[in-house]
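One file, model-v5.pdb, carrying PDB, C-alpha atoms:
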```pdb
ATOM      1  CA  MET F1054     -92.171 126.938-137.599  1.00  0.00           C
ATOM      2  CA  PRO F1055     -89.594 127.965-140.221  1.00  0.00           C
ATOM      3  CA  THR F1056     -89.109 125.235-142.756  1.00  0.00           C
ATOM      4  CA  ASN F1057     -86.124 126.626-144.662  1.00  0.00           C
ATOM      5  CA  GLU F1058     -83.591 129.439-144.527  1.00  0.00           C
ATOM      6  CA  SER F1059     -85.716 132.009-146.297  1.00  0.00           C
ATOM      7  CA  ASP F1060     -88.343 131.589-143.572  1.00  0.00           C
ATOM      8  CA  ALA F1061     -85.798 131.926-140.765  1.00  0.00           C
ATOM      9  CA  SER F1062     -86.772 134.091-137.832  1.00  0.00           C
ATOM     10  CA  PRO F1063     -85.457 137.704-137.563  1.00  0.00           C
ATOM     11  CA  GLU F1064     -83.061 136.870-134.697  1.00  0.00           C
ATOM     12  CA  ILE F1065     -81.223 134.332-136.803  1.00  0.00           C
ATOM     13  CA  SER F1066     -81.080 136.426-139.941  1.00  0.00           C
ATOM     14  CA  SER F1067     -79.766 139.401-137.975  1.00  0.00           C
ATOM     15  CA  VAL F1068     -76.600 137.533-136.907  1.00  0.00           C
ATOM     16  CA  GLY F1069     -74.669 138.312-140.015  1.00  0.00           C
ATOM     17  CA  ASP F1070     -73.288 136.878-143.204  1.00  0.00           C
ATOM     18  CA  ASP F1071     -73.319 133.256-142.049  1.00  0.00           C
ATOM     19  CA  SER F1072     -76.918 132.732-142.988  1.00  0.00           C
ATOM     20  CA  GLY F1073     -78.745 130.463-140.515  1.00  0.00           C
ATOM     21  CA  LYS F1074     -75.774 130.233-138.177  1.00  0.00           C
ATOM     22  CA  VAL F1075     -76.596 131.447-134.672  1.00  0.00           C
ATOM     23  CA  ARG F1076     -73.202 131.321-132.900  1.00  0.00           C
ATOM     24  CA  ASP F1077     -69.984 129.358-132.611  1.00  0.00           C
ATOM     25  CA  ILE F1078     -69.346 127.397-129.418  1.00  0.00           C
ATOM     26  CA  SER F1079     -66.348 125.372-128.317  1.00  0.00           C
ATOM     27  CA  LEU F1080     -66.575 121.594-127.874  1.00  0.00           C
ATOM     28  CA  ASP F1081     -66.796 121.873-124.082  1.00  0.00           C
ATOM     29  CA  GLU F1082     -69.565 124.429-124.248  1.00  0.00           C
ATOM     30  CA  PHE F1083     -71.628 121.886-126.180  1.00  0.00           C
ATOM     31  CA  GLN F1084     -73.502 119.926-123.535  1.00  0.00           C
ATOM     32  CA  PRO F1085     -75.721 117.200-124.975  1.00  0.00           C
ATOM     33  CA  TYR F1086     -77.592 116.314-121.815  1.00  0.00           C
ATOM     34  CA  GLY F1087     -80.209 114.456-123.826  1.00  0.00           C
ATOM     35  CA  THR F1088     -77.603 112.100-125.282  1.00  0.00           C
ATOM     36  CA  LEU F1089     -76.083 111.698-121.830  1.00  0.00           C
ATOM     37  CA  ALA F1090     -79.488 110.826-120.413  1.00  0.00           C
ATOM     38  CA  VAL F1091     -80.158 108.243-123.143  1.00  0.00           C
ATOM     39  CA  ASN F1092     -76.717 106.645-122.706  1.00  0.00           C
ATOM     40  CA  GLY F1093     -77.087 106.725-118.923  1.00  0.00           C
ATOM     41  CA  ALA F1094     -80.521 105.120-119.042  1.00  0.00           C
ATOM     42  CA  TYR F1095     -79.205 102.409-121.359  1.00  0.00           C
ATOM     43  CA  PHE F1096     -76.258 101.740-119.036  1.00  0.00           C
ATOM     44  CA  VAL F1097     -78.533 101.470-116.005  1.00  0.00           C
ATOM     45  CA  LEU F1098     -80.885  99.163-117.953  1.00  0.00           C
ATOM     46  CA  LEU F1099     -77.915  96.944-118.878  1.00  0.00           C
ATOM     47  CA  LEU F1100     -76.842  96.651-115.228  1.00  0.00           C
ATOM     48  CA  VAL F1101     -80.391  95.966-114.011  1.00  0.00           C
ATOM     49  CA  LEU F1102     -80.950  93.230-116.637  1.00  0.00           C
ATOM     50  CA  TYR F1103     -77.537  91.707-115.843  1.00  0.00           C
ATOM     51  CA  ALA F1104     -78.531  91.543-112.189  1.00  0.00           C
ATOM     52  CA  LEU F1105     -81.882  89.973-113.115  1.00  0.00           C
ATOM     53  CA  LEU F1106     -80.018  87.159-114.900  1.00  0.00           C
ATOM     54  CA  TYR F1107     -79.259  85.765-111.457  1.00  0.00           C
ATOM     55  CA  PHE F1108     -82.970  85.185-110.892  1.00  0.00           C
ATOM     56  CA  VAL F1109     -83.494  83.748-114.372  1.00  0.00           C
ATOM     57  CA  GLU F1110     -80.596  81.342-113.997  1.00  0.00           C
ATOM     58  CA  PHE F1111     -80.565  80.342-110.331  1.00  0.00           C
ATOM     59  CA  ALA F1112     -83.551  81.563-108.364  1.00  0.00           C
ATOM     60  CA  THR F1113     -86.355  79.977-110.369  1.00  0.00           C
ATOM     61  CA  HIS F1114     -88.144  77.000-108.885  1.00  0.00           C
ATOM     62  CA  ALA F1115     -86.631  74.745-111.532  1.00  0.00           C
ATOM     63  CA  PRO F1116     -83.600  72.472-111.436  1.00  0.00           C
ATOM     64  CA  HIS F1117     -80.272  73.875-112.539  1.00  0.00           C
ATOM     65  CA  ILE F1118     -76.725  72.595-112.738  1.00  0.00           C
ATOM     66  CA  ILE F1119     -75.058  72.915-109.342  1.00  0.00           C
ATOM     67  CA  GLU F1120     -71.627  71.546-110.258  1.00  0.00           C
TER      68      GLU F1120
ATOM     69  CA  MET M 761     -56.869 114.857-129.206  1.00  0.00           C
ATOM     70  CA  HIS M 762     -59.500 116.630-127.222  1.00  0.00           C
ATOM     71  CA  VAL M 763     -62.344 114.431-126.055  1.00  0.00           C
ATOM     72  CA  HIS M 764     -65.512 115.911-124.606  1.00  0.00           C
ATOM     73  CA  ARG M 765     -66.053 115.162-120.919  1.00  0.00           C
ATOM     74  CA  PHE M 766     -69.405 113.466-121.639  1.00  0.00           C
ATOM     75  CA  GLU M 767     -67.670 111.182-124.121  1.00  0.00           C
ATOM     76  CA  LYS M 768     -64.910 110.449-121.597  1.00  0.00           C
ATOM     77  CA  LEU M 769     -67.650 109.436-119.160  1.00  0.00           C
ATOM     78  CA  TRP M 770     -69.418 106.941-121.404  1.00  0.00           C
ATOM     79  CA  ILE M 771     -66.223 105.574-122.956  1.00  0.00           C
ATOM     80  CA  GLY M 772     -64.952 105.031-119.406  1.00  0.00           C
ATOM     81  CA  LEU M 773     -68.155 103.320-118.259  1.00  0.00           C
ATOM     82  CA  SER M 774     -68.121 101.043-121.326  1.00  0.00           C
ATOM     83  CA  LEU M 775     -64.515  99.990-120.698  1.00  0.00           C
ATOM     84  CA  LEU M 776     -65.331  99.467-117.019  1.00  0.00           C
ATOM     85  CA  LEU M 777     -68.254  97.201-117.974  1.00  0.00           C
ATOM     86  CA  ILE M 778     -66.080  95.117-120.330  1.00  0.00           C
ATOM     87  CA  ALA M 779     -63.395  94.843-117.649  1.00  0.00           C
ATOM     88  CA  ALA M 780     -66.054  93.827-115.116  1.00  0.00           C
ATOM     89  CA  PHE M 781     -67.469  91.101-117.383  1.00  0.00           C
ATOM     90  CA  ILE M 782     -64.004  89.665-118.083  1.00  0.00           C
ATOM     91  CA  GLY M 783     -63.193  89.929-114.385  1.00  0.00           C
ATOM     92  CA  ILE M 784     -66.375  88.078-113.380  1.00  0.00           C
ATOM     93  CA  VAL M 785     -65.596  85.224-115.811  1.00  0.00           C
ATOM     94  CA  LEU M 786     -61.987  84.967-114.579  1.00  0.00           C
ATOM     95  CA  PHE M 787     -63.198  85.070-110.953  1.00  0.00           C
ATOM     96  CA  GLY M 788     -65.668  82.257-111.654  1.00  0.00           C
ATOM     97  CA  PHE M 789     -63.162  79.999-113.351  1.00  0.00           C
ATOM     98  CA  THR M 790     -60.325  80.584-110.864  1.00  0.00           C
ATOM     99  CA  VAL M 791     -61.581  81.500-107.385  1.00  0.00           C
ATOM    100  CA  MET M 792     -64.991  79.762-107.618  1.00  0.00           C
ATOM    101  CA  ASN M 793     -63.502  76.914-109.689  1.00  0.00           C
ATOM    102  CA  LEU M 794     -66.517  76.742-112.019  1.00  0.00           C
ATOM    103  CA  LYS M 795     -66.316  74.373-114.959  1.00  0.00           C
ATOM    104  CA  VAL M 796     -68.112  74.020-118.238  1.00  0.00           C
ATOM    105  CA  PRO M 797     -70.268  70.925-117.587  1.00  0.00           C
ATOM    106  CA  GLY M 798     -68.932  67.734-119.050  1.00  0.00           C
ATOM    107  CA  VAL M 799     -65.985  69.243-120.853  1.00  0.00           C
ATOM    108  CA  GLU M 800     -63.181  69.198-118.347  1.00  0.00           C
ATOM    109  CA  THR M 801     -63.885  65.840-116.771  1.00  0.00           C
ATOM    110  CA  GLY M 802     -61.433  64.178-119.139  1.00  0.00           C
ATOM    111  CA  GLU M 803     -63.579  61.068-119.162  1.00  0.00           C
ATOM    112  CA  THR M 804     -63.752  59.353-122.512  1.00  0.00           C
ATOM    113  CA  VAL M 805     -65.311  56.136-123.626  1.00  0.00           C
ATOM    114  CA  ASP M 806     -65.211  54.022-126.767  1.00  0.00           C
ATOM    115  CA  PRO M 807     -68.562  54.386-128.567  1.00  0.00           C
ATOM    116  CA  ALA M 808     -68.086  50.970-130.178  1.00  0.00           C
ATOM    117  CA  THR M 809     -67.963  49.134-126.842  1.00  0.00           C
ATOM    118  CA  VAL M 810     -69.912  51.480-124.573  1.00  0.00           C
ATOM    119  CA  LEU M 811     -73.048  49.310-124.825  1.00  0.00           C
ATOM    120  CA  SER M 812     -71.252  46.182-123.624  1.00  0.00           C
ATOM    121  CA  GLU M 813     -68.573  47.432-121.229  1.00  0.00           C
ATOM    122  CA  GLY M 814     -68.422  49.730-118.262  1.00  0.00           C
ATOM    123  CA  PRO M 815     -71.239  51.462-116.388  1.00  0.00           C
ATOM    124  CA  PHE M 816     -73.160  52.389-119.544  1.00  0.00           C
ATOM    125  CA  ALA M 817     -73.743  48.687-120.283  1.00  0.00           C
ATOM    126  CA  GLN M 818     -76.260  48.923-117.434  1.00  0.00           C
ATOM    127  CA  PRO M 819     -77.758  52.389-117.739  1.00  0.00           C
ATOM    128  CA  GLY M 820     -79.874  53.514-114.803  1.00  0.00           C
ATOM    129  CA  VAL M 821     -79.784  55.036-111.347  1.00  0.00           C
ATOM    130  CA  ARG M 822     -77.073  54.156-108.848  1.00  0.00           C
ATOM    131  CA  LYS M 823     -76.805  55.182-105.214  1.00  0.00           C
ATOM    132  CA  VAL M 824     -73.696  57.021-104.105  1.00  0.00           C
ATOM    133  CA  SER M 825     -74.859  57.880-100.588  1.00  0.00           C
ATOM    134  CA  ASP M 826     -78.121  58.545 -98.759  1.00  0.00           C
ATOM    135  CA  ASN M 827     -78.494  61.960-100.354  1.00  0.00           C
ATOM    136  CA  HIS M 828     -76.608  61.499-103.594  1.00  0.00           C
ATOM    137  CA  TYR M 829     -77.603  59.396-106.589  1.00  0.00           C
ATOM    138  CA  GLU M 830     -76.079  59.151-110.007  1.00  0.00           C
ATOM    139  CA  VAL M 831     -77.653  58.402-113.364  1.00  0.00           C
ATOM    140  CA  TYR M 832     -75.846  56.664-116.203  1.00  0.00           C
ATOM    141  CA  MET M 833     -77.845  57.556-119.287  1.00  0.00           C
ATOM    142  CA  LEU M 834     -77.426  56.693-122.936  1.00  0.00           C
ATOM    143  CA  ALA M 835     -78.708  59.029-125.589  1.00  0.00           C
ATOM    144  CA  GLN M 836     -79.048  57.037-128.772  1.00  0.00           C
ATOM    145  CA  GLN M 837     -81.146  57.115-131.933  1.00  0.00           C
ATOM    146  CA  PHE M 838     -83.924  57.842-130.844  1.00  0.00           C
ATOM    147  CA  LEU M 839     -84.166  57.112-127.143  1.00  0.00           C
ATOM    148  CA  PHE M 840     -82.951  58.252-123.778  1.00  0.00           C
ATOM    149  CA  ARG M 841     -82.065  55.146-121.772  1.00  0.00           C
ATOM    150  CA  PRO M 842     -83.420  55.386-119.155  1.00  0.00           C
ATOM    151  CA  GLY M 843     -86.133  57.975-119.758  1.00  0.00           C
ATOM    152  CA  SER M 844     -87.920  57.160-123.002  1.00  0.00           C
ATOM    153  CA  THR M 845     -89.489  53.708-122.770  1.00  0.00           C
ATOM    154  CA  GLN M 846     -90.278  54.309-119.112  1.00  0.00           C
ATOM    155  CA  PRO M 847     -89.828  57.452-117.030  1.00  0.00           C
ATOM    156  CA  LEU M 848     -86.598  57.946-115.139  1.00  0.00           C
ATOM    157  CA  THR M 849     -87.632  58.068-111.478  1.00  0.00           C
ATOM    158  CA  LEU M 850     -85.584  60.236-109.139  1.00  0.00           C
ATOM    159  CA  PRO M 851     -86.016  61.620-105.607  1.00  0.00           C
ATOM    160  CA  ALA M 852     -86.681  65.327-105.046  1.00  0.00           C
ATOM    161  CA  GLU M 853     -84.386  67.566-102.988  1.00  0.00           C
ATOM    162  CA  THR M 854     -81.521  65.148-103.470  1.00  0.00           C
ATOM    163  CA  LYS M 855     -78.265  65.615-105.339  1.00  0.00           C
ATOM    164  CA  VAL M 856     -78.302  63.738-108.635  1.00  0.00           C
ATOM    165  CA  THR M 857     -75.271  63.444-110.899  1.00  0.00           C
ATOM    166  CA  PHE M 858     -75.912  62.679-114.561  1.00  0.00           C
ATOM    167  CA  HIS M 859     -73.340  60.877-116.713  1.00  0.00           C
ATOM    168  CA  MET M 860     -74.360  60.702-120.336  1.00  0.00           C
ATOM    169  CA  THR M 861     -72.837  59.437-123.524  1.00  0.00           C
ATOM    170  CA  SER M 862     -73.918  58.340-126.968  1.00  0.00           C
ATOM    171  CA  PRO M 863     -73.084  55.147-128.874  1.00  0.00           C
ATOM    172  CA  ASP M 864     -73.992  56.605-132.274  1.00  0.00           C
ATOM    173  CA  VAL M 865     -74.286  60.301-133.151  1.00  0.00           C
ATOM    174  CA  MET M 866     -74.366  63.587-131.293  1.00  0.00           C
ATOM    175  CA  HIS M 867     -77.495  64.180-129.217  1.00  0.00           C
ATOM    176  CA  GLY M 868     -78.785  66.874-126.936  1.00  0.00           C
ATOM    177  CA  PHE M 869     -80.254  66.602-123.455  1.00  0.00           C
ATOM    178  CA  GLU M 870     -82.576  69.325-122.318  1.00  0.00           C
ATOM    179  CA  VAL M 871     -85.180  69.592-119.606  1.00  0.00           C
ATOM    180  CA  PRO M 872     -87.397  72.381-120.952  1.00  0.00           C
ATOM    181  CA  GLY M 873     -88.024  75.241-118.570  1.00  0.00           C
ATOM    182  CA  SER M 874     -84.987  74.425-116.466  1.00  0.00           C
ATOM    183  CA  GLY M 875     -81.274  75.067-116.525  1.00  0.00           C
ATOM    184  CA  LEU M 876     -80.484  71.442-117.381  1.00  0.00           C
ATOM    185  CA  ASN M 877     -78.932  71.290-120.810  1.00  0.00           C
ATOM    186  CA  ALA M 878     -76.041  69.244-122.154  1.00  0.00           C
ATOM    187  CA  THR M 879     -74.663  68.100-125.459  1.00  0.00           C
ATOM    188  CA  VAL M 880     -74.067  64.358-125.590  1.00  0.00           C
ATOM    189  CA  ILE M 881     -71.109  63.518-127.804  1.00  0.00           C
ATOM    190  CA  PRO M 882     -70.054  59.985-128.809  1.00  0.00           C
ATOM    191  CA  GLY M 883     -66.774  59.138-127.088  1.00  0.00           C
ATOM    192  CA  GLN M 884     -67.211  61.709-124.342  1.00  0.00           C
ATOM    193  CA  ILE M 885     -69.083  61.599-121.069  1.00  0.00           C
ATOM    194  CA  ALA M 886     -71.193  64.646-120.271  1.00  0.00           C
ATOM    195  CA  THR M 887     -71.420  65.091-116.506  1.00  0.00           C
ATOM    196  CA  PHE M 888     -73.353  67.497-114.339  1.00  0.00           C
ATOM    197  CA  SER M 889     -75.096  67.491-110.988  1.00  0.00           C
ATOM    198  CA  THR M 890     -78.443  68.942-110.069  1.00  0.00           C
ATOM    199  CA  ARG M 891     -81.105  68.881-107.404  1.00  0.00           C
ATOM    200  CA  PHE M 892     -84.784  68.668-108.333  1.00  0.00           C
ATOM    201  CA  PRO M 893     -86.603  71.117-106.057  1.00  0.00           C
ATOM    202  CA  GLU M 894     -90.077  69.589-106.270  1.00  0.00           C
ATOM    203  CA  ALA M 895     -91.826  66.319-106.994  1.00  0.00           C
ATOM    204  CA  LYS M 896     -93.292  66.576-110.468  1.00  0.00           C
ATOM    205  CA  THR M 897     -92.799  65.204-113.950  1.00  0.00           C
ATOM    206  CA  TYR M 898     -90.170  66.861-116.105  1.00  0.00           C
ATOM    207  CA  GLY M 899     -89.750  66.294-119.818  1.00  0.00           C
ATOM    208  CA  ILE M 900     -86.538  65.551-121.690  1.00  0.00           C
ATOM    209  CA  ILE M 901     -85.989  66.466-125.308  1.00  0.00           C
ATOM    210  CA  CYS M 902     -83.105  66.013-127.715  1.00  0.00           C
ATOM    211  CA  HIS M 903     -82.011  69.403-128.984  1.00  0.00           C
ATOM    212  CA  GLN M 904     -79.359  68.288-131.480  1.00  0.00           C
ATOM    213  CA  TYR M 905     -80.561  67.001-134.831  1.00  0.00           C
ATOM    214  CA  CYS M 906     -79.672  63.300-134.675  1.00  0.00           C
ATOM    215  CA  GLY M 907     -81.519  61.689-137.569  1.00  0.00           C
ATOM    216  CA  SER M 908     -84.884  61.086-139.180  1.00  0.00           C
ATOM    217  CA  ALA M 909     -86.795  60.541-135.919  1.00  0.00           C
ATOM    218  CA  HIS M 910     -85.044  63.284-133.957  1.00  0.00           C
ATOM    219  CA  HIS M 911     -88.377  65.026-133.402  1.00  0.00           C
ATOM    220  CA  ASN M 912     -89.661  61.941-131.567  1.00  0.00           C
ATOM    221  CA  MET M 913     -86.668  61.631-129.259  1.00  0.00           C
ATOM    222  CA  GLN M 914     -88.028  62.534-125.878  1.00  0.00           C
ATOM    223  CA  GLY M 915     -88.280  61.203-122.367  1.00  0.00           C
ATOM    224  CA  GLU M 916     -89.603  61.869-118.907  1.00  0.00           C
ATOM    225  CA  ILE M 917     -88.150  62.321-115.471  1.00  0.00           C
ATOM    226  CA  GLU M 918     -90.578  61.497-112.701  1.00  0.00           C
ATOM    227  CA  VAL M 919     -89.456  63.176-109.520  1.00  0.00           C
ATOM    228  CA  VAL M 920     -91.022  61.765-106.377  1.00  0.00           C
ATOM    229  CA  PRO M 921     -90.755  62.838-102.727  1.00  0.00           C
ATOM    230  CA  PRO M 922     -87.612  61.322-101.161  1.00  0.00           C
ATOM    231  CA  SER M 923     -89.722  59.192 -98.799  1.00  0.00           C
ATOM    232  CA  GLU M 924     -91.533  57.588-101.748  1.00  0.00           C
ATOM    233  CA  PHE M 925     -88.430  56.852-103.784  1.00  0.00           C
ATOM    234  CA  ASP M 926     -88.299  53.134-104.545  1.00  0.00           C
ATOM    235  CA  GLU M 927     -84.734  51.919-104.275  1.00  0.00           C
ATOM    236  CA  SER M 928     -85.485  48.416-105.585  1.00  0.00           C
ATOM    237  CA  ASN M 929     -84.932  49.554-109.164  1.00  0.00           C
ATOM    238  CA  LEU M 930     -81.435  50.863-108.521  1.00  0.00           C
ATOM    239  CA  ILE M 931     -78.496  49.370-110.358  1.00  0.00           C
ATOM    240  CA  SER M 932     -76.137  47.825-107.822  1.00  0.00           C
ATOM    241  CA  GLN M 933     -72.596  49.134-107.915  1.00  0.00           C
TER     242      GLN M 933
END
```

Spit out the file's structure as structure tokens when you get a sec.
Amino acid sequence: MPTNESDASPEISSVGDDSGKVRDISLDEFQPYGTLAVNGAYFVLLLVLYALLYFVEFATHAPHIIE
Amino acid sequence: MHVHRFEKLWIGLSLLLIAAFIGIVLFGFTVMNLKVPGVETGETVDPATVLSEGPFAQPGVRKVSDNHYEVYMLAQQFLFRPGSTQPLTLPAETKVTFHMTSPDVMHGFEVPGSGLNATVIPGQIATFSTRFPEAKTYGIICHQYCGSAHHNMQGEIEVVPPSEFDESNLISQ
């Protein structure tokens, strides 16, 4: 694995003057599916734990405040 | 300003979640008419005379109807009355309404492992209702620091099957 610019692979160094720069993309071409997956998993976890609160609060076999 | 569509998605979901949480709280307090226990009852009492006047002069269990009892309990340094010197006996599977106040300082009422938890404030009456699902012994602890023997302030609730509940110890109305 290259560890710095001088060790960069031939494909990268052949791009041009912008050393180390592969290509420019627009904002919408950038698609961070990994970040989306992490955020999505966190959101789902939040909803699942919120739903489980019902069981913690009301469905245990212990007294709770009814009114 | 251009915002990436992924960012629009998770900003939107976050706002939706906040709106949902606020909506659930508003729904509970309006449509379901939920109340914060003991706060909105408007019942007050004079801590100086609470031991000699009114229902708290005779703390204990009273019968409201065949399936509804109420408990007038004092939390004071460093006892629950009733509850500490002898267990508070209550029937299982029966509605029980607690009324609690303090003649001295602020105390806490908590049955560990359950949803029963109230702050007992001098001058105010904390009120909530519950139903004990099974016959067993529950503990009570004070969860507000109330003085030098706070750590010893504890009690017991002995829940018995409804058929074994002894009504001879009830306080008459």

What are the closest atom pairs, with distances in Å to one decimal, for all residues of chain F lying within 7 Å of chain M? Consider all atoms listed in the file, order rows by chain and residue number, and present the result as a tab-separated table.
```
residue	atom	partner	partner_atom	distance
F:Leu1080	CA	M:His764	CA	6.6
F:Asp1081	CA	M:His764	CA	6.1
F:Leu1089	CA	M:Phe766	CA	6.9
F:Glu1110	CA	M:Gly875	CA	6.8
F:His1114	CA	M:Pro893	CA	6.7
F:Ala1115	CA	M:Ser874	CA	5.2
F:Pro1116	CA	M:Phe892	CA	5.0
F:His1117	CA	M:Gly875	CA	4.3
F:Ile1118	CA	M:Thr890	CA	4.8
F:Ile1119	CA	M:Thr890	CA	5.3
F:Glu1120	CA	M:Ser889	CA	5.4
```

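Across the model, the gap from CA of Ser1072 (chain F) to CA of Gln1084 (chain F) is 23.5 Å.
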
Near Ile900 (chain M), counting all atoms listed in the file, which residues have an atom at most 6 Å away, once you skip same-chain residues fewer than 4 positions from it, shown as a ChimeraX atom specification?
/M:870-871,914-916

Running the PyMOL selection byres ((chain M and resi 885) around 8) on this model by hand, what would come out? Give it as a PyMOL selection string.
chain M and resi 798+801+803-805+859-861+880-884+886-887

What is the CA of Ala852 (chain M)-CA of Val831 (chain M) distance in Å, reported with one decimal?
14.1 Å

What lies within 7 Å of Gly868 (chain M) using only C-alpha atoms, ignoring chain neighbours under 6 positions off, as a PDB file with C-alpha atoms, keeping the file's coordinate frame?
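Wrote out.pdb, looks like this:
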```
ATOM      1  CA  ALA M 878     -76.041  69.244-122.154  1.00  0.00           C
ATOM      2  CA  THR M 879     -74.663  68.100-125.459  1.00  0.00           C
ATOM      3  CA  VAL M 880     -74.067  64.358-125.590  1.00  0.00           C
ATOM      4  CA  CYS M 902     -83.105  66.013-127.715  1.00  0.00           C
ATOM      5  CA  HIS M 903     -82.011  69.403-128.984  1.00  0.00           C
ATOM      6  CA  GLN M 904     -79.359  68.288-131.480  1.00  0.00           C
TER       7      GLN M 904
END
```

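Using all atoms listed in the file, the nearest neighbour of Gly843 (chain M) within the list M:Val824, M:Met913, M:Val920, M:Leu811 is M:Met913.
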
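For the pair CA of Pro1085 (chain F) and CA of Ile778 (chain M), the separation is 24.5 Å.
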
Residues matched by the PyMOL selection byres ((chain M and resi 924) around 12), written as JSON, numbers by chain:
{"M": [849, 850, 851, 852, 895, 918, 919, 920, 921, 922, 923, 925, 926, 927, 928]}

Hits from the PyMOL selection byres ((chain M and resi 827) around 7), listed as a list in words
Ser825, Asp826, His828, Tyr829, Thr854 and Lys855 of chain M

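Counting all atoms listed in the file, the residue from M:Ala808, M:Ile917, M:Ile784, M:Val821 that sits nearest to Ser844 (chain M) is M:Ile917.
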
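Using only C-alpha atoms, the contacts of Tyr832 (chain M) at a cut-off of 8 Å, with sequence neighbours closer than 3 positions omitted, comprise M:Pro815, M:Phe816, M:Gln818, M:Pro819, M:Gly820, M:Val821, M:Arg822, M:Phe858, M:His859, M:Met860.
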